[in-house]
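Below is one structure, written out as structure tokens, with a few remarks after it.
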Amino acid sequence: MDVSHLLDALNPAQREAVTTESPHTLVLAGAGSGKTRVLVNRIGWLTEVTGVPVYGVLAVTFTNKAAAEMRHRISALGGQGGRGMWIGTFHGIAHRLLRLHWQEAGLPETFQVLDSDDQIRLLKRVINDLGLDDKRWPARQAAWFINAAKDEGKRPKHIHSADPATDTLIRIYEAYEVAARRAGLVDFAELLLRAHELWLTQAGLLHHYQQRFGHLLVDEFQDTNTIQYAFIRVLAGSSGRTFVVGDDDQAIYGWRGAKVENVQHYLRDFEGASTVRLEQNYRSTANILKAANAVIGHNPARLGKTLWTADGDGEAIDVYAAYNEMDEAQHAVQRLQRWINDGGAASDCAVLYRSNAQSRALEEALIQAQVAYRVYGGLRFFERAEIKDTLAYLRLIASRADDAAFERAVNTPTRGIGGKTLEQVRARAQADNQTLWEAVLGELAGSSLNGRAKTALRAFVELIEQLDRDTRGMSLAEQIDHSLKASGLYSHYAEESRGTLDARTDNLDELVTVASRFARVEVEEGAEPLPELIGFLAYASLEAGEGQSESWQDCVQLMTLHAAKGLEFPLVCIVGMEEGLFPGQKSMEEAGRLEEERRLAYVGITRARQKLLLCYAETRRIHGMDTFGAPSRFLREIPTDVLNEVRPRVQVSRPNYGSAAPRARFVAEPAPSGLKLGAAVRHAKFGLGVITDFEGDGPHTRVQVNFEDEGSKWLVVSYANLQVG
DNA sequence: GACAGTCCTGTTTTT
DNA sequence: CAGGACTGTC
């Protein structure tokens with residue numbers, strides 16, 4: 001058999017991974033080491049060479065984008081092109097299972113997926129219904145608590161109540177569960193938890209899928225949370241083979257429940273697991289890799305991996321010390337312009353930052369310089385209010401029980417159903433344990449509402465019923481279009497945005513177009529296809545769509561460091577490299593968080609192919625206050641020989657605050673001594689060592705020295721009397 | 001129900 | 001500083 005297309009151009013480690021016969025394989029794939037290729041070719045190897053049927057393969061990723069990319073590349077391999085293979089996100093796969101087995105999972109057939117926005121709205125109502133003060137118990141925090149619990153596989157009864165505050169949160173969790181169940185709503189974390197519980201409670205089903213999926217592959221394994229790990233572990237059982245790809249150095253989602261430890265647990269829990277390291281990097285210059293390796297080398301407890309490249313050193317990494325964030329932005333933009341003037345593409349450039357708020361200064365500088373740019377993040381298509389409003393009507397058509405949709409649609413556009421009326425409806429629903437829809441019907445039959453309110457409610461009920469009748473037999477796009485017009489939503493938004501540049505009605509038109517292109521998804525070959533509407537609604541929740549509809553101009557890319565993971569650019573600028581911002585203030589207070597920030601720095605640095613620019617500002621306005629941050633420790637962790645200070649240590653005259661000494665500057669060189677990072681030194685008592693860190697300035701400068709015999713120590717330079725060399 | 005004024009609180013984000 | 005949430009007025 002000709003397998004050359006699967007193995008050609010692979011290095012030995014990649015080949016080993018693709019062809020391994022080990023039952024369980026952990027591929028530690030460094031940044032830019034060709035991990036997607038390995039994953040894709042591994043699947044090709046399994047199906048083409050070892051004769052695994054395509055339906056016996058389950059491949060899981062974290063984002064829809066990654067799943068789409070994988071599907072695309074598998075079909076490019078030829079063969080059966082992955083048709084019939086289960087490839088998807090954890091959430092997508094869980095959703096698929098729950099659709100197929102809604103009865104076993106204890107769900108209504110028309111259950112809807114609740115996105116985080118809807119989840120918070122629902123929680124708000126639950127908190128109110130419990131008579132709690134929503135100031136003391138913000139819905140956001142409750143959502144955080146509940147999601148974190150679900151990510152750990154915990155139902156309310158599994159949580160130990162440690163204190164009164166936790167007790168209340170558990171009560172909220174319980175009430176939220178009741179409300180969500182009644183409304184037939186499933187949030188993101190619930191999808192995973194239910195799917196996992198399906199394995200635990202339905203032995204027959206589990207057995208069926210264990211038989212079927214002989215091979216489980218997981219991408220970005222370092223990002224799995226407890227429940228995702230458990231899901232895979234249970235599904236693998238004793239005979240399933242697994243192939244997981246990840247990089248513990250790129251684990252940056254611990255704050256939302258991801259457990260890097262899963263990488264270590266894997267080696268412990270999956271018997272006979274072997275490890276393959278992909279360390280050859282095909283992306284960046286040697287200088288960039290040197291910087292990345294040095295930074296990440298400061299983290300303890302790594303599985304250990306050192307990136308290398310067969311290519312040359314490349315240019316030095318520029319470091320720019322800006323006066324403030326405006327100066328910083330202008331400098332970055334200048335650098336981008338130089339790149340573009342030299343014939344580079346704007347879309348090859350990215351500016352990365354720690355938090356979204358930092359994009360503002362950059363955008364201003366880009367506009368001023370007339371450089372086209374695109375900001376990633378922010379509201380996505382299906383998250384826009386007008387889109388969600390429209391979908392709320394469709395959700396009600398599909399399921400009257402959907403309280404979240406009811407709340408949204410009932411008075412948008414306004415139709416005289418105000419807070420008072422709704423309060424009464426909610427109270428009845430609460431008292432009688434009903435859905436809002438049922439409560440409305442009850443109120444209409446009862447006598448506690450006044451005539452005006454009744455008329456308004458009756459009109460709303462009739463509207464939904466009418467929409468339901470009218471749209472039967474229509475295509476999806478027609479259903480949406482009709483609902484949009486008949487509900488008055490379209491004219492509502494047309495009116496609102498009249499004479500403005502607001503593109504709301506454009507988005508509504510776009511929604512109809514998207515729907516007309518929406519391909520009916522068969523949940524499973526041979527199985528009943530999902531009703532198109534239900535499928536579309538799930539799609540809208542699970543895949544929120546692109547941030548901006550205008551697409552691929554040649555423009556500079558702006559995004560957070562988190563959003564940059566998985567991407568690469570010839571030119572990368574990272575701005576805001578200051579203590580307190582990156583690493584963030586909060587990261588320094590909690591154990592383990594600093595390491596995660598450092599991994600984020602590692603991710604940022606390794607995005608760059610050819611050219612990297614690192615910037616920090618001495619002054620930065622944050623929340624309207626001028627703040628002063630020392631250069632980030634991550635800068636100081638980079639060996640100076642790969643750095644080029646664009647604006648070297650010039651003492652800039654700046655307003656002198658009292659008699660304060662000039663602030664510490666990047667690579668503060670304690671003047672005469674020649675001490676610098678990486679320098680070998682001798683101490684009279686501690687012997688030989690290497691300087692690994694600096695702190696402070698002037699006579700109080702301290703250095704961290706890693707002594708051969710004594711370990712690491714902080715010393716005040718002016719007392720330590722260190723000998724260089 | 002629309003609008004203006006006030007208070008408050010500020011990482012990272014996919015599904 | 002600035003966006004969101006909330007309150008109070010017409």
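The way I read the labels, and the way they are meant: chains A, B, ... in the order of the structure tokens, residue 1 as the first residue of every chain, and ligand 1 as the first ligand shown, with later ones counted on from there.
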
So that each row is one residue of chain A with an atom at most 10 Å from chain C, can you give its shortest atom pair and the distance in Å to one decimal, using only C-alpha atoms (C1' of nucleotides), rows by chain and rising number, as a Markdown table?
```
| residue | atom | partner | partner_atom | distance |
| --- | --- | --- | --- | --- |
| A:Arg621 | CA | C:DC1 | C1' | 8.6 |
| A:Ile622 | CA | C:DC1 | C1' | 8.0 |
| A:His623 | CA | C:DC1 | C1' | 5.5 |
| A:Gly624 | CA | C:DC1 | C1' | 4.4 |
| A:Met625 | CA | C:DC1 | C1' | 8.2 |
```

Requested write-out: N, CA, C and O atoms of the selected residues, as a PDB file, in the first residue's frame:
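This is the output file selection14.pdb:
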```pdb
ATOM      1  N   ARG A 621      -2.699  54.779  31.266  1.00  0.00           N
ATOM      2  CA  ARG A 621      -3.975  55.132  31.896  1.00  0.00           C
ATOM      3  C   ARG A 621      -4.828  53.892  31.996  1.00  0.00           C
ATOM      4  O   ARG A 621      -5.178  53.287  30.994  1.00  0.00           O
ATOM      5  N   ILE A 622      -5.146  53.510  33.199  1.00  0.00           N
ATOM      6  CA  ILE A 622      -6.037  52.370  33.405  1.00  0.00           C
ATOM      7  C   ILE A 622      -7.178  52.847  34.295  1.00  0.00           C
ATOM      8  O   ILE A 622      -6.940  53.401  35.366  1.00  0.00           O
ATOM      9  N   HIS A 623      -8.389  52.699  33.822  1.00  0.00           N
ATOM     10  CA  HIS A 623      -9.564  53.185  34.538  1.00  0.00           C
ATOM     11  C   HIS A 623      -9.429  54.665  34.856  1.00  0.00           C
ATOM     12  O   HIS A 623      -9.757  55.111  35.958  1.00  0.00           O
ATOM     13  N   GLY A 624      -8.869  55.412  33.919  1.00  0.00           N
ATOM     14  CA  GLY A 624      -8.778  56.845  34.108  1.00  0.00           C
ATOM     15  C   GLY A 624      -7.684  57.287  35.061  1.00  0.00           C
ATOM     16  O   GLY A 624      -7.580  58.460  35.371  1.00  0.00           O
ATOM     17  N   MET A 625      -6.890  56.328  35.529  1.00  0.00           N
ATOM     18  CA  MET A 625      -5.825  56.699  36.447  1.00  0.00           C
ATOM     19  C   MET A 625      -4.480  56.366  35.833  1.00  0.00           C
ATOM     20  O   MET A 625      -4.311  55.319  35.211  1.00  0.00           O
TER      21      MET A 625
END
```

With 9 Å as the cut-off and only C-alpha atoms (C1' of nucleotides) counted, what is the closest atom pair between each nearby residue of chain A and chain B? Distances in Å to one decimal, ordered by chain and number, as a tab-separated table.
```
residue	atom	partner	partner_atom	distance
A:Phe62	CA	B:DT14	C1'	7.4
A:Thr63	CA	B:DT14	C1'	6.6
A:Asn64	CA	B:DT15	C1'	8.8
A:Thr89	CA	B:DT15	C1'	8.1
A:Phe90	CA	B:DT15	C1'	8.3
A:His91	CA	B:DT15	C1'	6.1
A:Gly92	CA	B:DT15	C1'	8.2
A:Asp115	CA	B:DT15	C1'	8.2
A:Phe188	CA	B:DT15	C1'	6.0
A:Ala189	CA	B:DT15	C1'	8.3
A:Ile252	CA	B:DT12	C1'	8.6
A:Tyr253	CA	B:DT12	C1'	8.2
A:Trp255	CA	B:DT12	C1'	8.3
A:Arg256	CA	B:DT13	C1'	8.5
A:Arg354	CA	B:DT12	C1'	7.1
A:Ser355	CA	B:DT11	C1'	6.1
A:Asn356	CA	B:DT11	C1'	8.7
A:Thr414	CA	B:DG1	C1'	8.0
A:Gly416	CA	B:DG1	C1'	8.8
A:Gly418	CA	B:DG1	C1'	8.9
A:Ser541	CA	B:DT15	C1'	8.4
A:Leu542	CA	B:DT15	C1'	5.9
A:Glu543	CA	B:DT15	C1'	7.6
A:Ala544	CA	B:DT15	C1'	8.9
A:Thr560	CA	B:DT12	C1'	7.9
A:Leu561	CA	B:DT12	C1'	8.2
A:His562	CA	B:DT12	C1'	6.4
A:Ala563	CA	B:DT13	C1'	8.3
A:Leu581	CA	B:DT11	C1'	8.9
A:Gly584	CA	B:DT11	C1'	7.4
A:Lys586	CA	B:DT11	C1'	8.4
A:His623	CA	B:DG10	C1'	7.4
```

Show which residues sit within 6 Å of range 83-88 of chain A, as an mmCIF file with C-alpha atoms, in the first residue's frame. Count only C-alpha atoms (C1' of nucleotides), and ignore same-chain residues fewer than 5 positions away.
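This went into part_19.cif:
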```cif
data_model
loop_
_atom_site.group_PDB
_atom_site.id
_atom_site.type_symbol
_atom_site.label_atom_id
_atom_site.label_comp_id
_atom_site.auth_asym_id
_atom_site.auth_seq_id
_atom_site.Cartn_x
_atom_site.Cartn_y
_atom_site.Cartn_z
ATOM 1 C CA VAL A 54 -14.298 5.792 9.573
ATOM 2 C CA TYR A 55 -17.249 5.424 11.897
ATOM 3 C CA VAL A 57 -13.071 7.190 14.912
ATOM 4 C CA LEU A 58 -14.037 10.004 17.267
ATOM 5 C CA ALA A 59 -11.951 13.168 17.036
ATOM 6 C CA VAL A 60 -12.515 15.965 19.530
ATOM 7 C CA ALA A 67 -12.953 21.002 14.028
ATOM 8 C CA ILE A 93 -20.446 15.857 20.290
#
```

Could you jot down the CA of Gly312 in chain A to CA of Gln280 in chain A separation for me, Å, one decimal place?
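Separation of CA of Gly312 in chain A and CA of Gln280 in chain A: 13.3 Å.
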
As JSON, numbers by chain, which residues of range 180-421 of chain A does DSSP assign to helix (DSSP H, G or I)?
{"A": [180, 181, 182, 183, 188, 189, 190, 191, 192, 193, 194, 195, 196, 197, 198, 199, 200, 201, 203, 204, 205, 206, 207, 208, 209, 210, 211, 212, 221, 222, 223, 226, 227, 228, 229, 230, 231, 232, 233, 234, 235, 236, 248, 249, 250, 254, 255, 256, 261, 262, 263, 264, 265, 266, 267, 268, 269, 286, 287, 288, 289, 290, 291, 292, 293, 294, 295, 296, 325, 326, 327, 328, 329, 330, 331, 332, 333, 334, 335, 336, 337, 338, 339, 340, 341, 346, 347, 348, 356, 357, 358, 359, 360, 361, 362, 363, 364, 365, 366, 367, 368, 381, 382, 383, 385, 386, 387, 388, 389, 390, 391, 392, 393, 394, 395, 396, 397, 398, 403, 404, 405, 406, 407, 408, 409, 419, 420, 421]}

In Å, how far is it from CA of Trp199 in chain A to CA of Val178 in chain A?
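Computed distance, CA of Trp199 in chain A to CA of Val178 in chain A, equals 22.4 Å.
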
Strand (DSSP E) residues, from DSSP on the backbone, in range 462-651 of chain A, as a ChimeraX atom specification:
/A:556-560,569-574,608-617,619-622,625-628,643-645

Please, could you write that set of residues out with N, CA, C and O atoms as a tab-separated table (two decimals), in the first residue's frame?
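Final output, part_36.tsv:
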```tsv
chain	number	residue	atom	x	y	z
A	556	VAL	N	-4.39	44.49	9.26
A	556	VAL	CA	-3.66	44.13	10.46
A	556	VAL	C	-4.62	43.49	11.47
A	556	VAL	O	-5.77	43.91	11.59
A	557	GLN	N	-4.15	42.49	12.18
A	557	GLN	CA	-5.02	41.75	13.09
A	557	GLN	C	-4.75	42.15	14.54
A	557	GLN	O	-3.62	42.10	15.00
A	558	LEU	N	-5.79	42.52	15.23
A	558	LEU	CA	-5.68	42.87	16.65
A	558	LEU	C	-6.43	41.85	17.49
A	558	LEU	O	-7.60	41.57	17.21
A	559	MET	N	-5.77	41.33	18.49
A	559	MET	CA	-6.49	40.37	19.34
A	559	MET	C	-5.78	40.16	20.67
A	559	MET	O	-4.64	40.59	20.84
A	560	THR	N	-6.47	39.52	21.58
A	560	THR	CA	-5.85	39.20	22.86
A	560	THR	C	-4.89	38.04	22.66
A	560	THR	O	-4.96	37.30	21.68
A	569	PHE	N	1.86	34.45	12.76
A	569	PHE	CA	2.00	35.63	11.90
A	569	PHE	C	3.47	35.92	11.68
A	569	PHE	O	4.26	35.81	12.62
A	570	PRO	N	3.83	36.32	10.47
A	570	PRO	CA	5.23	36.69	10.24
A	570	PRO	C	5.70	37.80	11.18
A	570	PRO	O	6.81	37.75	11.70
A	571	LEU	N	4.85	38.79	11.40
A	571	LEU	CA	5.23	39.88	12.31
A	571	LEU	C	4.26	39.95	13.48
A	571	LEU	O	3.05	40.06	13.28
A	572	VAL	N	4.80	39.91	14.67
A	572	VAL	CA	3.95	40.00	15.86
A	572	VAL	C	4.45	41.11	16.78
A	572	VAL	O	5.65	41.21	17.04
A	573	CYS	N	3.53	41.96	17.24
A	573	CYS	CA	3.86	42.91	18.30
A	573	CYS	C	3.07	42.52	19.53
A	573	CYS	O	1.87	42.31	19.45
A	574	ILE	N	3.75	42.44	20.64
A	574	ILE	CA	3.04	42.25	21.91
A	574	ILE	C	3.20	43.53	22.69
A	574	ILE	O	4.31	43.99	22.93
A	608	ALA	N	5.06	34.30	16.56
A	608	ALA	CA	5.82	35.05	15.56
A	608	ALA	C	6.67	34.14	14.69
A	608	ALA	O	7.33	33.24	15.20
A	609	ARG	N	6.62	34.38	13.43
A	609	ARG	CA	7.45	33.59	12.51
A	609	ARG	C	8.82	34.25	12.32
A	609	ARG	O	9.84	33.61	12.49
A	610	GLN	N	8.80	35.53	11.93
A	610	GLN	CA	10.07	36.16	11.59
A	610	GLN	C	10.47	37.26	12.55
A	610	GLN	O	11.62	37.40	12.92
A	611	LYS	N	9.49	38.08	12.89
A	611	LYS	CA	9.84	39.32	13.57
A	611	LYS	C	8.94	39.52	14.78
A	611	LYS	O	7.73	39.35	14.69
A	612	LEU	N	9.58	39.84	15.87
A	612	LEU	CA	8.83	40.04	17.10
A	612	LEU	C	9.19	41.38	17.72
A	612	LEU	O	10.37	41.74	17.80
A	613	LEU	N	8.17	42.11	18.11
A	613	LEU	CA	8.39	43.39	18.79
A	613	LEU	C	7.66	43.36	20.13
A	613	LEU	O	6.47	43.03	20.18
A	614	LEU	N	8.39	43.65	21.19
A	614	LEU	CA	7.78	43.66	22.52
A	614	LEU	C	7.79	45.09	23.05
A	614	LEU	O	8.81	45.76	22.99
A	615	CYS	N	6.65	45.55	23.54
A	615	CYS	CA	6.58	46.93	24.01
A	615	CYS	C	6.07	47.00	25.44
A	615	CYS	O	5.26	46.17	25.86
A	616	TYR	N	6.55	47.99	26.14
A	616	TYR	CA	5.93	48.31	27.43
A	616	TYR	C	5.88	49.82	27.57
A	616	TYR	O	6.62	50.54	26.90
A	617	ALA	N	4.99	50.28	28.42
A	617	ALA	CA	4.84	51.72	28.61
A	617	ALA	C	5.14	52.06	30.06
A	617	ALA	O	4.78	51.32	30.97
A	619	THR	N	4.09	54.76	31.56
A	619	THR	CA	2.87	55.28	32.14
A	619	THR	C	1.71	54.74	31.34
A	619	THR	O	1.79	54.67	30.12
A	620	ARG	N	0.67	54.38	32.01
A	620	ARG	CA	-0.48	53.88	31.28
A	620	ARG	C	-1.74	54.30	32.03
A	620	ARG	O	-1.81	54.24	33.24
A	621	ARG	N	-2.70	54.78	31.27
A	621	ARG	CA	-3.97	55.13	31.90
A	621	ARG	C	-4.83	53.89	32.00
A	621	ARG	O	-5.18	53.29	30.99
A	622	ILE	N	-5.15	53.51	33.20
A	622	ILE	CA	-6.04	52.37	33.41
A	622	ILE	C	-7.18	52.85	34.29
A	622	ILE	O	-6.94	53.40	35.37
A	625	MET	N	-6.89	56.33	35.53
A	625	MET	CA	-5.83	56.70	36.45
A	625	MET	C	-4.48	56.37	35.83
A	625	MET	O	-4.31	55.32	35.21
A	626	ASP	N	-3.53	57.26	36.01
A	626	ASP	CA	-2.20	56.98	35.52
A	626	ASP	C	-1.55	55.94	36.40
A	626	ASP	O	-1.50	56.08	37.62
A	627	THR	N	-1.06	54.92	35.78
A	627	THR	CA	-0.39	53.89	36.56
A	627	THR	C	1.04	53.73	36.03
A	627	THR	O	1.32	54.00	34.87
A	628	PHE	N	1.91	53.30	36.89
A	628	PHE	CA	3.30	53.09	36.51
A	628	PHE	C	3.63	51.64	36.74
A	628	PHE	O	3.49	51.14	37.85
A	643	LEU	N	17.95	40.27	22.17
A	643	LEU	CA	17.13	41.48	22.23
A	643	LEU	C	17.84	42.68	21.62
A	643	LEU	O	19.06	42.78	21.63
A	644	ASN	N	17.02	43.56	21.14
A	644	ASN	CA	17.53	44.82	20.63
A	644	ASN	C	16.64	45.92	21.18
A	644	ASN	O	15.46	46.00	20.84
A	645	GLU	N	17.21	46.74	22.07
A	645	GLU	CA	16.40	47.82	22.62
A	645	GLU	C	16.30	48.94	21.61
A	645	GLU	O	17.28	49.59	21.29
```

With only C-alpha atoms (C1' of nucleotides) as the counted atoms, please give the residues lying no more than 10 Å from His298 in chain A, apart from itself and same-chain residues fewer than 5 positions off, as a VMD selection string.
chain A and resid 293 595 598 to 599 634 637 692

Since we have the selection now, will you write its residues out, keeping N, CA and C atoms, as a CSV table (one decimal), in the first residue's frame?
```
chain,number,residue,atom,x,y,z
A,293,ASN,N,11.9,29.7,24.8
A,293,ASN,CA,12.4,28.7,25.7
A,293,ASN,C,12.8,29.2,27.0
A,595,GLU,N,2.3,31.3,36.7
A,595,GLU,CA,2.8,30.3,35.8
A,595,GLU,C,1.9,30.3,34.5
A,598,ARG,N,2.8,33.2,32.5
A,598,ARG,CA,4.0,33.0,31.8
A,598,ARG,C,3.8,32.1,30.5
A,599,ARG,N,2.9,31.1,30.7
A,599,ARG,CA,2.6,30.3,29.5
A,599,ARG,C,1.9,31.2,28.4
A,634,PHE,N,8.7,39.0,32.4
A,634,PHE,CA,8.9,38.1,31.2
A,634,PHE,C,9.9,38.7,30.2
A,637,GLU,N,13.2,37.8,31.5
A,637,GLU,CA,13.5,36.4,31.4
A,637,GLU,C,14.1,36.0,30.1
A,692,THR,N,19.9,35.4,37.8
A,692,THR,CA,18.7,35.0,37.1
A,692,THR,C,17.6,36.1,37.1
```

Quick one: everything within 12 Å of His5 in chain A, counting only C-alpha atoms (C1' of nucleotides), minus sequence neighbours fewer than 6 positions away in the same chain. Send it as a ChimeraX atom specification.
/A:15,37,40-42,44-45,48-49,76-79

Contacts of range 120-136 of chain A at 8 Å or less, counting only C-alpha atoms (C1' of nucleotides), minus same-chain residues fewer than 5 places along, as a list in words?
Ala142, Ala143, Ile172, Ala175, Tyr176, Ala179, Ala404, Ala427 and Gln430 of chain A
